[in-house]
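K.L.:
Following this message is one structure expressed as structure tokens.
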Amino acid sequence: SAMLDKASSTIVTQVEALRKLVDAFGDYAQEPKPSLEPVRLDELIREVVALYQQGDSDLQFDLDLCAGPDGLAADSGRLRQLLHNLIRNAREARTGKPVTVSIRSEQLDQAGAPLLKLQLWDDGPGFPDMVLEQPFEPYISNKGRGSGLGLAICRKIISEHNGNISIANRSGYGAEIVIVIPLTPVL
């Protein structure tokens, strides 16, 4: 019993030390500041979706995208990473049956401020409760091989673009992600 307690304590201590090491490495290898340039989000989304359509017949897409939009100053590489993370989450969450990912974009005007609203939802099982409780907390994952960093990285990317991201489960089925980014031209 004493040996088991000591071994358990050692494991917990070592896991915490590894977590601190990973955090320190993450701080060291921090992404450079985003390089903002005019981006046509509809084209970027279609490019990313095309990659998945060629390689995964169990993943279907339903797109309803506004043109452009003009005025989106963004880092296209970081937005591409965001889309990959979210689509990969939907693909990995499927339970043996094909999943459809719907992506919709629209321009909004909130008190004279132009915004872009991007919604992604799927018809999979939805987010587990443990993820919904702390959706953007690193290392929260119900996947056996997931790192639990995908949604945390997504939140970081959106905050680099002065936007907001939220997640929820749709009533009845599936996960939903809503992203709102201000439209401001690059000067």
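Following the order of the structure tokens, chains are lettered A, B, ..., residues in each are numbered from 1, and ligands are numbered from 1.
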Tell me which protein, DNA and RNA residues are within 10 Å of Tyr52 (chain A), counting only C-alpha atoms, leaving out same-chain ones fewer than 5 positions away, and put them as a list in words.

P.N.:
Glu47, Ser57, Asp58, Leu59, Gln60, Phe61, His84, Ile87, Arg88 and Arg91 of chain A

K.L.:
What does the distance between CA of Leu183 (chain A) and CA of Glu160 (chain A) come to in Å, to one decimal place?

P.N.:
13.5 Å

K.L.:
As a ChimeraX atom specification, please: every residue in region 65-143 of chain A that a backbone DSSP assignment puts in strand (DSSP E or B).

P.N.:
/A:73-74,99-110,113-122

K.L.:
Find, counting only C-alpha atoms, the residue in A:Val101, A:Val131, A:Leu36, A:Ala90 that gets nearest to His161 (chain A).

P.N.:
A:Leu36

K.L.:
Please determine, counting only C-alpha atoms, which residue among A:Arg104, A:Arg94, A:Arg80, A:Lys156 has the shortest atom-to-atom distance to Asp62 (chain A).

P.N.:
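For Asp62 (chain A), the nearest of the given residues is A:Arg104.
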
K.L.:
List the spatial neighbours of region 64-79 of chain A as JSON, numbers by chain - criterion: any atom at most 6 Å away, only C-alpha atoms, same-chain residues fewer than 4 positions off excluded.

P.N.:
{"A": [34, 35, 36, 37, 38, 39, 40, 41, 42, 104, 105, 106, 183, 184, 185, 186]}

K.L.:
Measuring between only C-alpha atoms, which one of A:Pro125, A:Ala175, A:Pro182, A:Gly55 shows the shortest distance to Gly112 (chain A)?

P.N.:
A:Pro182
